[in-house]
$ cat upload.pdb   # PDB, C-alpha atoms and all ligand atoms
ATOM      1  CA  MET V   6      94.690-158.790 168.544
ATOM      2  CA  ILE V   7      97.066-161.753 168.447
ATOM      3  CA  ILE V   8      98.426-162.073 171.971
ATOM      4  CA  PRO V   9     101.474-164.355 172.130
ATOM      5  CA  GLY V  10     101.444-166.328 175.362
ATOM      6  CA  ARG V  11      97.649-166.250 175.606
ATOM      7  CA  HIS V  12      96.855-167.326 172.034
ATOM      8  CA  ARG V  13      98.546-170.672 171.432
ATOM      9  CA  CYS V  14      97.238-170.991 167.886
ATOM     10  CA  VAL V  15      95.988-168.578 165.220
ATOM     11  CA  LEU V  16      93.348-170.196 163.018
ATOM     12  CA  PHE V  17      93.351-168.982 159.415
ATOM     13  CA  ASP V  18      90.438-169.168 157.025
ATOM     14  CA  VAL V  19      91.706-170.156 153.556
ATOM     15  CA  ASP V  20      89.717-168.716 150.627
ATOM     16  CA  GLY V  21      90.138-164.947 150.552
ATOM     17  CA  THR V  22      92.270-164.909 153.700
ATOM     18  CA  ILE V  23      95.422-166.867 152.832
ATOM     19  CA  ALA V  24      95.030-166.346 149.070
ATOM     20  CA  GLU V  25      92.546-164.720 146.688
ATOM     21  CA  THR V  26      91.423-168.125 145.478
ATOM     22  CA  GLU V  27      87.753-167.268 144.911
ATOM     23  CA  GLY V  28      88.201-164.903 141.955
ATOM     24  CA  ARG V  29      91.431-166.361 140.623
ATOM     25  CA  ALA V  30      90.640-170.066 140.888
ATOM     26  CA  HIS V  31      87.189-171.145 142.181
ATOM     27  CA  LEU V  32      85.168-168.858 139.869
ATOM     28  CA  PRO V  33      87.026-169.722 136.616
ATOM     29  CA  ALA V  34      86.991-173.379 137.663
ATOM     30  CA  PHE V  35      83.194-173.310 138.114
ATOM     31  CA  ASN V  36      82.744-171.771 134.644
ATOM     32  CA  ARG V  37      85.038-174.369 133.034
ATOM     33  CA  ALA V  38      83.047-177.137 134.737
ATOM     34  CA  PHE V  39      79.781-175.623 133.437
ATOM     35  CA  ASP V  40      81.242-175.708 129.913
ATOM     36  CA  ASP V  41      82.359-179.338 130.356
ATOM     37  CA  ALA V  42      78.844-180.319 131.419
ATOM     38  CA  GLY V  43      77.198-178.373 128.589
ATOM     39  CA  LEU V  44      74.931-176.616 131.082
ATOM     40  CA  GLY V  45      75.111-173.210 129.407
ATOM     41  CA  TRP V  46      75.666-171.577 132.817
ATOM     42  CA  ARG V  47      78.197-168.744 133.297
ATOM     43  CA  TRP V  48      78.840-166.807 136.489
ATOM     44  CA  SER V  49      80.157-163.257 136.375
ATOM     45  CA  ALA V  50      82.176-161.792 139.252
ATOM     46  CA  GLU V  51      79.049-159.916 140.358
ATOM     47  CA  ASP V  52      76.955-163.131 140.270
ATOM     48  CA  TYR V  53      79.641-164.846 142.311
ATOM     49  CA  ARG V  54      79.712-162.075 144.939
ATOM     50  CA  GLN V  55      76.049-162.877 145.691
ATOM     51  CA  LEU V  56      76.474-166.655 145.397
ATOM     52  CA  LEU V  57      79.358-166.632 147.895
ATOM     53  CA  LYS V  58      76.844-165.916 150.654
ATOM     54  CA  THR V  59      76.286-169.691 150.498
ATOM     55  CA  THR V  60      79.407-171.458 151.809
ATOM     56  CA  GLY V  61      80.446-174.709 150.153
ATOM     57  CA  GLY V  62      80.767-175.056 146.396
ATOM     58  CA  PHE V  63      78.228-177.884 146.105
ATOM     59  CA  GLU V  64      75.703-176.062 148.287
ATOM     60  CA  ARG V  65      76.282-172.974 146.085
ATOM     61  CA  LEU V  66      75.387-175.000 142.980
ATOM     62  CA  LEU V  67      72.190-176.328 144.574
ATOM     63  CA  ARG V  68      71.160-172.822 145.568
ATOM     64  CA  PHE V  69      71.850-171.445 142.087
ATOM     65  CA  ALA V  70      69.719-174.186 140.516
ATOM     66  CA  ALA V  71      66.872-173.338 142.901
ATOM     67  CA  GLN V  72      67.208-169.626 142.081
ATOM     68  CA  ARG V  73      66.798-170.504 138.386
ATOM     69  CA  GLY V  74      63.551-172.251 139.218
ATOM     70  CA  GLU V  75      64.979-175.738 138.639
ATOM     71  CA  ASP V  76      64.506-178.677 140.994
ATOM     72  CA  PRO V  77      67.833-178.965 142.884
ATOM     73  CA  GLU V  78      67.053-182.530 144.009
ATOM     74  CA  ALA V  79      66.565-183.724 140.417
ATOM     75  CA  LEU V  80      69.924-182.141 139.535
ATOM     76  CA  ARG V  81      71.804-183.417 142.602
ATOM     77  CA  ASP V  82      73.871-186.107 140.816
ATOM     78  CA  THR V  83      74.713-183.834 137.895
ATOM     79  CA  LEU V  84      75.752-181.041 140.241
ATOM     80  CA  ARG V  85      77.869-183.451 142.286
ATOM     81  CA  GLN V  86      79.782-184.259 139.078
ATOM     82  CA  VAL V  87      80.029-180.576 138.183
ATOM     83  CA  HIS V  88      81.459-179.875 141.645
ATOM     84  CA  HIS V  89      84.078-182.615 141.263
ATOM     85  CA  ALA V  90      85.011-181.229 137.840
ATOM     86  CA  LYS V  91      85.257-177.747 139.363
ATOM     87  CA  ASN V  92      87.720-178.998 141.942
ATOM     88  CA  ARG V  93      89.787-180.720 139.229
ATOM     89  CA  HIS V  94      89.957-177.419 137.348
ATOM     90  CA  PHE V  95      90.841-175.673 140.613
ATOM     91  CA  ALA V  96      93.807-178.041 141.072
ATOM     92  CA  GLN V  97      94.920-177.407 137.496
ATOM     93  CA  ILE V  98      94.821-173.632 138.035
ATOM     94  CA  MET V  99      96.799-174.001 141.272
ATOM     95  CA  ARG V 100      99.385-176.144 139.460
ATOM     96  CA  SER V 101     100.061-173.177 137.185
ATOM     97  CA  GLY V 102     101.460-171.415 140.263
ATOM     98  CA  GLU V 103      99.518-168.261 139.430
ATOM     99  CA  VAL V 104      97.662-167.948 142.738
ATOM    100  CA  PRO V 105     100.134-166.786 145.361
ATOM    101  CA  ALA V 106      99.598-166.393 149.081
ATOM    102  CA  ARG V 107      98.423-162.921 150.043
ATOM    103  CA  ALA V 108     101.043-160.306 150.824
ATOM    104  CA  GLY V 109     102.244-160.649 154.397
ATOM    105  CA  PHE V 110     101.125-164.257 154.877
ATOM    106  CA  ARG V 111     104.614-165.742 155.082
ATOM    107  CA  SER V 112     105.877-162.970 157.385
ATOM    108  CA  LEU V 113     102.919-163.468 159.681
ATOM    109  CA  VAL V 114     103.330-167.249 159.943
ATOM    110  CA  MET V 115     107.068-166.884 160.568
ATOM    111  CA  ALA V 116     106.461-164.216 163.218
ATOM    112  CA  LEU V 117     103.953-166.507 164.917
ATOM    113  CA  ALA V 118     106.530-169.302 165.017
ATOM    114  CA  LEU V 119     109.085-166.951 166.561
ATOM    115  CA  ASN V 120     106.499-166.052 169.189
ATOM    116  CA  ASN V 121     105.816-169.672 170.115
ATOM    117  CA  THR V 122     102.395-169.514 168.472
ATOM    118  CA  ALA V 123     101.152-172.198 166.076
ATOM    119  CA  TRP V 124      98.911-171.618 163.088
ATOM    120  CA  GLY V 125      96.037-173.720 161.776
ATOM    121  CA  VAL V 126      93.500-173.867 158.964
ATOM    122  CA  VAL V 127      89.705-173.769 159.311
ATOM    123  CA  THR V 128      87.978-173.728 155.943
ATOM    124  CA  THR V 129      84.733-174.860 154.384
ATOM    125  CA  THR V 130      86.464-175.640 151.106
ATOM    126  CA  SER V 131      87.203-179.243 150.070
ATOM    127  CA  ARG V 132      90.356-180.954 151.387
ATOM    128  CA  ALA V 133      91.626-181.409 147.796
ATOM    129  CA  ASN V 134      91.544-177.643 147.291
ATOM    130  CA  TRP V 135      93.499-177.029 150.491
ATOM    131  CA  ASP V 136      96.045-179.674 149.409
ATOM    132  CA  ALA V 137      96.472-177.983 146.014
ATOM    133  CA  LEU V 138      96.969-174.564 147.607
ATOM    134  CA  TRP V 139      99.429-175.993 150.131
ATOM    135  CA  HIS V 140     101.529-177.908 147.612
ATOM    136  CA  HIS V 141     101.693-175.303 144.856
ATOM    137  CA  SER V 142     101.545-171.950 146.648
ATOM    138  CA  LEU V 143     102.375-172.341 150.356
ATOM    139  CA  ALA V 144     104.871-175.185 150.891
ATOM    140  CA  PRO V 145     107.310-173.512 148.449
ATOM    141  CA  LEU V 146     107.428-170.583 150.907
ATOM    142  CA  VAL V 147     109.203-172.899 153.388
ATOM    143  CA  ILE V 148     106.978-172.226 156.368
ATOM    144  CA  PRO V 149     106.012-174.399 159.361
ATOM    145  CA  GLU V 150     103.112-176.772 158.629
ATOM    146  CA  PRO V 151      99.741-175.933 160.171
ATOM    147  CA  ALA V 152      99.083-177.572 163.552
ATOM    148  CA  VAL V 153      95.510-178.384 162.572
ATOM    149  CA  ILE V 154      93.574-178.566 159.291
ATOM    150  CA  VAL V 155      89.757-178.614 159.267
ATOM    151  CA  CYS V 156      88.071-178.713 155.838
ATOM    152  CA  GLY V 157      84.523-178.885 154.517
ATOM    153  CA  GLU V 158      84.338-182.700 154.614
ATOM    154  CA  ASP V 159      85.160-182.719 158.334
ATOM    155  CA  VAL V 160      81.925-181.019 159.416
ATOM    156  CA  SER V 161      78.206-181.543 159.051
ATOM    157  CA  ALA V 162      77.430-177.813 159.059
ATOM    158  CA  LYS V 163      79.556-175.234 157.247
ATOM    159  CA  LYS V 164      80.242-171.623 158.248
ATOM    160  CA  PRO V 165      78.547-169.574 159.740
ATOM    161  CA  ASP V 166      77.997-172.619 161.952
ATOM    162  CA  PRO V 167      80.819-172.767 164.530
ATOM    163  CA  GLU V 168      81.356-176.532 164.097
ATOM    164  CA  ALA V 169      84.579-176.210 162.057
ATOM    165  CA  TYR V 170      86.170-173.886 164.616
ATOM    166  CA  GLU V 171      84.997-176.011 167.541
ATOM    167  CA  LEU V 172      86.490-179.099 165.892
ATOM    168  CA  ALA V 173      89.830-177.332 165.396
ATOM    169  CA  LEU V 174      89.925-176.362 169.092
ATOM    170  CA  THR V 175      89.062-179.929 170.133
ATOM    171  CA  ARG V 176      91.812-181.386 167.932
ATOM    172  CA  LEU V 177      94.321-178.896 169.316
ATOM    173  CA  GLY V 178      93.201-179.480 172.905
ATOM    174  CA  LEU V 179      92.706-175.737 173.388
ATOM    175  CA  ALA V 180      89.977-173.610 174.944
ATOM    176  CA  ALA V 181      88.495-170.827 172.807
ATOM    177  CA  SER V 182      90.317-168.276 174.992
ATOM    178  CA  GLN V 183      93.648-169.774 173.868
ATOM    179  CA  ALA V 184      93.100-169.143 170.149
ATOM    180  CA  CYS V 185      92.017-166.453 167.727
ATOM    181  CA  ALA V 186      90.930-166.414 164.091
ATOM    182  CA  ILE V 187      91.628-164.515 160.879
ATOM    183  CA  GLU V 188      88.750-164.376 158.414
ATOM    184  CA  ASP V 189      87.652-162.396 155.370
ATOM    185  CA  SER V 190      83.862-162.949 155.282
ATOM    186  CA  ARG V 191      80.882-162.307 157.517
ATOM    187  CA  ASN V 192      80.018-166.034 157.520
ATOM    188  CA  GLY V 193      83.525-166.848 158.722
ATOM    189  CA  LEU V 194      83.475-164.063 161.303
ATOM    190  CA  LEU V 195      80.213-165.370 162.771
ATOM    191  CA  ALA V 196      81.500-168.964 162.837
ATOM    192  CA  ALA V 197      84.621-168.048 164.808
ATOM    193  CA  ARG V 198      82.763-165.651 167.137
ATOM    194  CA  LEU V 199      80.121-168.317 167.862
ATOM    195  CA  ALA V 200      82.991-170.655 168.781
ATOM    196  CA  GLY V 201      84.104-168.011 171.302
ATOM    197  CA  MET V 202      87.197-166.562 169.633
ATOM    198  CA  PRO V 203      88.285-163.010 168.833
ATOM    199  CA  VAL V 204      88.496-162.435 165.087
ATOM    200  CA  ALA V 205      90.641-160.247 162.848
ATOM    201  CA  ILE V 206      89.147-159.498 159.450
ATOM    202  CA  VAL V 207      91.446-159.027 156.485
ATOM    203  CA  LYS V 208      89.495-157.444 153.649
ATOM    204  CA  SER V 209      89.328-159.468 150.445
ATOM    205  CA  GLU V 210      88.144-159.069 146.868
ATOM    206  CA  PHE V 211      84.584-160.329 147.343
ATOM    207  CA  PHE V 212      83.714-159.510 150.954
ATOM    208  CA  ALA V 213      85.279-156.083 151.607
ATOM    209  CA  ASP V 214      81.864-154.397 151.921
ATOM    210  CA  GLU V 215      80.276-156.841 154.380
ATOM    211  CA  ARG V 216      79.400-155.958 158.000
ATOM    212  CA  PHE V 217      82.194-156.813 160.410
ATOM    213  CA  ASP V 218      80.875-155.264 163.659
ATOM    214  CA  GLU V 219      81.764-158.348 165.713
ATOM    215  CA  ALA V 220      85.454-158.273 164.673
ATOM    216  CA  THR V 221      88.214-157.167 167.049
ATOM    217  CA  VAL V 222      90.070-155.508 164.203
ATOM    218  CA  VAL V 223      89.562-154.988 160.452
ATOM    219  CA  VAL V 224      92.677-154.595 158.285
ATOM    220  CA  ASP V 225      93.407-154.349 154.580
ATOM    221  CA  GLU V 226      96.483-156.587 154.629
ATOM    222  CA  LEU V 227      97.799-159.421 156.803
ATOM    223  CA  SER V 228     101.000-157.453 157.455
ATOM    224  CA  GLU V 229      98.968-155.065 159.624
ATOM    225  CA  LEU V 230      98.613-157.869 162.171
ATOM    226  CA  LEU V 231     102.396-158.080 162.641
ATOM    227  CA  PRO V 232     103.438-155.211 164.926
ATOM    228  CA  ASN V 233     102.270-156.609 168.262
ATOM    229  CA  LEU V 234     104.008-159.899 167.415
ATOM    230  CA  GLU V 235     107.371-158.379 166.593
ATOM    231  CA  ALA V 236     107.418-156.672 169.975
ATOM    232  CA  SER V 237     107.058-159.989 171.777
ATOM    233  CA  ARG V 238     109.930-161.978 173.142
ATOM    234  CA  TRP V 239     111.099-165.126 171.365
ATOM    235  CA  THR V 240     110.454-168.437 173.113
ATOM    236  CA  ARG V 241     110.918-172.103 172.207
ATOM    237  CA  SER V 242     108.170-173.801 170.142
ATOM    238  CA  VAL V 243     106.210-176.445 172.036
ATOM    239  CA  VAL V 244     104.076-177.908 169.236
ATOM    240  CA  ARG V 245     104.022-181.686 169.631
ATOM    241  CA  PRO V 246     102.349-184.364 167.462
ATOM    242  CA  ARG V 247      99.073-185.737 168.789
ATOM    243  CA  ARG V 248      99.160-189.535 168.848
ATOM    244  CA  HIS V 249      95.663-190.342 167.558
ATOM    245  CA  ALA V 250      94.688-187.447 165.299
ATOM    246  CA  GLY V 251      96.375-188.027 161.966
ATOM    247  CA  THR V 252      98.359-185.029 160.819
ATOM    248  CA  ASP V 253      96.867-182.711 163.402
ATOM    249  CA  HIS V 254      98.841-181.643 166.425
ATOM    250  CA  SER V 255      97.968-181.096 170.047
ATOM    251  CA  LEU V 256      99.416-178.041 171.757
ATOM    252  CA  THR V 257     100.634-179.020 175.183
ATOM    253  CA  ASP V 258     102.988-177.507 177.756
TER     254      ASP V 258
HETATM  255  C1  LIG L 301      85.077-171.037 151.216
HETATM  256  C2  LIG L 301      83.944-171.490 150.455
HETATM  257  C3  LIG L 301      84.150-172.580 149.548
HETATM  258  C4  LIG L 301      84.779-172.268 148.217
HETATM  259  C5  LIG L 301      84.574-173.449 147.320
HETATM  260  O1  LIG L 301      84.611-170.442 152.397
HETATM  261  O2  LIG L 301      82.856-171.009 150.590
HETATM  262  O3  LIG L 301      82.893-173.098 149.297
HETATM  263  O4  LIG L 301      84.172-171.146 147.609
HETATM  264  O5  LIG L 301      85.056-174.609 147.882
HETATM  265  P1  LIG L 301      85.613-170.051 153.568
HETATM  266  P2  LIG L 301      84.367-176.046 147.636
HETATM  267  O6  LIG L 301      86.686-169.203 152.948
HETATM  268  O7  LIG L 301      84.755-169.266 154.510
HETATM  269  O8  LIG L 301      86.116-171.316 154.178
HETATM  270  O9  LIG L 301      83.863-176.052 146.255
HETATM  271  O10 LIG L 301      85.471-177.025 147.858
HETATM  272  O11 LIG L 301      83.264-176.172 148.645
HETATM  273 MG    MG L 302      87.075-166.931 153.280
END
$ encode --input "upload.pdb" --output "structure tokens" --more "lines below"
Ligand code: XBP
Ligand code: MG
Amino acid sequence: MIIPGRHRCVLFDVDGTIAETEGRAHLPAFNRAFDDAGLGWRWSAEDYRQLLKTTGGFERLLRFAAQRGEDPEALRDTLRQVHHAKNRHFAQIMRSGEVPARAGFRSLVMALALNNTAWGVVTTTSRANWDALWHHSLAPLVIPEPAVIVCGEDVSAKKPDPEAYELALTRLGLAASQACAIEDSRNGLLAARLAGMPVAIVKSEFFADERFDEATVVVDELSELLPNLEASRWTRSVVRPRRHAGTDHSLTD
């Protein structure tokens, strides 16, 4: 699925794909924020499985309020504060170091580097959540930094809209045929496919039973994506900084 030489960058979804953050961090963080706000709300894992069909934590809160028969617009400011509190709790949970990267993640990123292939991040989560995951769970693995990072704040439409993937390709200076994606959800799969990329699905805690017909391959673990990489020859990395795009990098020959 990952073809070194043709695919210059592999774009990873974050929640569920790089780490099981939904059940281990986002869900408990939401419930702590509900307690802080005195809302009397509590989401079970089964509630959350349904609620995850809406991407974006704030959008998920608005939808839940509407489902309860409340006026989401009247609650908008309160829910904005609840969402900020949720992300603060998320950061605190990540600081505990108890949410590791999924098995095989480090090996896969290192194998990509050895095959002259960059990696990037395309997520609809908030930038602060990505930063917390990076600093507390990923950077300690001593891996190359991602060549591009697109988060929820960077787009006007979240997955399954392809905007986040299209923005990542634009920042990298790549055509869709030069990249591929790894996702765990149907919304993510559709977003990457609509942007024109092949997609590998790695099954995760909350989305394992979704329909993945449009995927090139469906695996249980990231390590299953390794074999075709290890067979490839090693070449020199050509990832260079892009002058005008912050921390993102352009992939040029
Ligand atoms: C991730 C999400 C996010 C997180 C919460 O989707 O849907 O909304 O659940 O993050 P994906 P925020 O893995 O497809 O990127 O609260 O920061 O939105
Ligand atoms: Mg995901």
$ residues_around --input "upload.pdb" --residues "range 202-204 of chain V" --least-positions-apart "3" --cutoff "9 Å" --atoms "all atoms listed in the file" --output "mmCIF file with C-alpha atoms, in the coordinates of the input"
data_model
loop_
_atom_site.group_PDB
_atom_site.id
_atom_site.type_symbol
_atom_site.label_atom_id
_atom_site.label_comp_id
_atom_site.auth_asym_id
_atom_site.auth_seq_id
_atom_site.Cartn_x
_atom_site.Cartn_y
_atom_site.Cartn_z
ATOM 1 C CA MET V 6 94.690 -158.790 168.544
ATOM 2 C CA ILE V 7 97.066 -161.753 168.447
ATOM 3 C CA TYR V 170 86.170 -173.886 164.616
ATOM 4 C CA ALA V 181 88.495 -170.827 172.807
ATOM 5 C CA SER V 182 90.317 -168.276 174.992
ATOM 6 C CA GLN V 183 93.648 -169.774 173.868
ATOM 7 C CA ALA V 184 93.100 -169.143 170.149
ATOM 8 C CA CYS V 185 92.017 -166.453 167.727
ATOM 9 C CA ALA V 186 90.930 -166.414 164.091
ATOM 10 C CA ILE V 187 91.628 -164.515 160.879
ATOM 11 C CA GLU V 188 88.750 -164.376 158.414
ATOM 12 C CA LEU V 194 83.475 -164.063 161.303
ATOM 13 C CA ALA V 197 84.621 -168.048 164.808
ATOM 14 C CA ARG V 198 82.763 -165.651 167.137
ATOM 15 C CA LEU V 199 80.121 -168.317 167.862
ATOM 16 C CA GLU V 219 81.764 -158.348 165.713
ATOM 17 C CA ALA V 220 85.454 -158.273 164.673
ATOM 18 C CA THR V 221 88.214 -157.167 167.049
ATOM 19 C CA VAL V 222 90.070 -155.508 164.203
ATOM 20 C CA VAL V 223 89.562 -154.988 160.452
#
$ resolve_selection --input "upload.pdb" --expression "the PyMOL selection byres (((not hetatm)) within 8 of (chain L and resi 301))" --output "PyMOL selection string"
chain V and resi 18-22+27+31+57-65+88+91-92+127-134+156-157+164+188-190+192-193
$ residues_near_point --input "upload.pdb" --point "(100.4, -174.1, 163.5)" --cutoff "8 Å" --atoms "all atoms listed in the file" --output "PDB file with C-alpha atoms, in the frame of the given file"
ATOM      1  CA  CYS V  14      97.238-170.991 167.886  1.00  0.00           C
ATOM      2  CA  VAL V  15      95.988-168.578 165.220  1.00  0.00           C
ATOM      3  CA  ALA V 118     106.530-169.302 165.017  1.00  0.00           C
ATOM      4  CA  THR V 122     102.395-169.514 168.472  1.00  0.00           C
ATOM      5  CA  ALA V 123     101.152-172.198 166.076  1.00  0.00           C
ATOM      6  CA  TRP V 124      98.911-171.618 163.088  1.00  0.00           C
ATOM      7  CA  GLY V 125      96.037-173.720 161.776  1.00  0.00           C
ATOM      8  CA  PRO V 149     106.012-174.399 159.361  1.00  0.00           C
ATOM      9  CA  GLU V 150     103.112-176.772 158.629  1.00  0.00           C
ATOM     10  CA  PRO V 151      99.741-175.933 160.171  1.00  0.00           C
ATOM     11  CA  ALA V 152      99.083-177.572 163.552  1.00  0.00           C
ATOM     12  CA  VAL V 153      95.510-178.384 162.572  1.00  0.00           C
ATOM     13  CA  VAL V 244     104.076-177.908 169.236  1.00  0.00           C
TER      14      VAL V 244
END
$ residues_around --input "upload.pdb" --residues "range 99-116 of chain V" --least-positions-apart "6" --cutoff "10 Å" --atoms "all atoms listed in the file" --output "MDAnalysis selection string"
chainID V and resid 15 19 21:26 28:30 93 122:125 134 136:143 146:151 209 226:232 234:235 237 239
$ closest_atom_pairs --input "upload.pdb" --of "range 67-178 of chain V" --to "range 36-45 of chain V" --cutoff "12 Å" --atoms "all atoms listed in the file" --output "Markdown table"
| residue | atom | partner | partner_atom | distance |
| --- | --- | --- | --- | --- |
| V:Ala70 | CA | V:Leu44 | CA | 11.0 |
| V:Leu80 | CA | V:Leu44 | CA | 11.3 |
| V:Thr83 | CA | V:Ala42 | CA | 8.4 |
| V:Leu84 | CA | V:Ala42 | CA | 9.4 |
| V:Arg85 | CA | V:Ala38 | CA | 11.1 |
| V:Gln86 | CA | V:Ala42 | CA | 8.7 |
| V:Val87 | CA | V:Ala38 | CA | 5.7 |
| V:His88 | CA | V:Ala38 | CA | 7.6 |
| V:His89 | CA | V:Ala38 | CA | 8.6 |
| V:Ala90 | CA | V:Ala38 | CA | 5.5 |
| V:Lys91 | CA | V:Ala38 | CA | 5.2 |
| V:Asn92 | CA | V:Ala38 | CA | 8.8 |
| V:Arg93 | CA | V:Ala38 | CA | 8.9 |
| V:His94 | CA | V:Arg37 | CA | 7.2 |
| V:Phe95 | CA | V:Arg37 | CA | 9.6 |
| V:Gln97 | CA | V:Arg37 | CA | 11.3 |
| V:Ile98 | CA | V:Arg37 | CA | 11.0 |
$ write_last_selection --input "upload.pdb" --atoms "C-alpha atoms" --output "compact mmCIF listing (two decimals), in the frame of the given file"
# COMPACT_ATOMS: atom_id res chain seq x y z
CA ALA V 70 69.72 -174.19 140.52
CA LEU V 80 69.92 -182.14 139.54
CA THR V 83 74.71 -183.83 137.90
CA LEU V 84 75.75 -181.04 140.24
CA ARG V 85 77.87 -183.45 142.29
CA GLN V 86 79.78 -184.26 139.08
CA VAL V 87 80.03 -180.58 138.18
CA HIS V 88 81.46 -179.88 141.65
CA HIS V 89 84.08 -182.62 141.26
CA ALA V 90 85.01 -181.23 137.84
CA LYS V 91 85.26 -177.75 139.36
CA ASN V 92 87.72 -179.00 141.94
CA ARG V 93 89.79 -180.72 139.23
CA HIS V 94 89.96 -177.42 137.35
CA PHE V 95 90.84 -175.67 140.61
CA GLN V 97 94.92 -177.41 137.50
CA ILE V 98 94.82 -173.63 138.04
$ closest_residue --input "upload.pdb" --among "V:Phe17, V:Ser49, V:Ser161, V:Leu174" --to "ligand MG 302 (chain L)" --atoms "all atoms listed in the file"
V:Phe17
$ closest_residue --input "upload.pdb" --among "V:Glu171, V:Glu210, V:Asp52, V:Asp159" --to "ligand MG 302 (chain L)" --atoms "all atoms listed in the file"
V:Glu210
$ closest_residue --input "upload.pdb" --among "V:Leu195, V:Ala71, V:Leu16, V:Ile206" --to "Ile154 in chain V" --atoms "all atoms listed in the file"
V:Leu16
$ atom_distance --input "upload.pdb" --atom1 "CA of Trp48 in chain V" --atom2 "CA of Leu66 in chain V"
11.0 Å
$ closest_residue --input "upload.pdb" --among "V:Ala173, V:Leu117, V:Val126, V:Ala200" --to "ligand MG 302 (chain L)" --atoms "all atoms listed in the file"
V:Val126
$ atom_distance --input "upload.pdb" --atom1 "CA of Ala162 in chain V" --atom2 "CA of Phe69 in chain V"
19.0 Å
$ axis_aligned_box --input "upload.pdb" --around "range 198-217 of chain V" --padding-each-side "6 Å" --output "JSON"
{"center_x": 85.4, "center_y": -162.5, "center_z": 159.1, "size_x": 24.0, "size_y": 28.3, "size_z": 36.4}
$ atom_distance --input "upload.pdb" --atom1 "CA of Arg47 in chain V" --atom2 "CA of Asp76 in chain V"
18.6 Å
$ closest_residue --input "upload.pdb" --among "V:Ala50, V:Val207, V:Leu67, V:Val155" --to "ligand MG 302 (chain L)" --atoms "only C-alpha atoms and all ligand atoms"
V:Val207
$ closest_residue --input "upload.pdb" --among "V:Glu75, V:Arg54, V:Pro33, V:Pro165" --to "Ala213 in chain V" --atoms "all atoms listed in the file"
V:Arg54
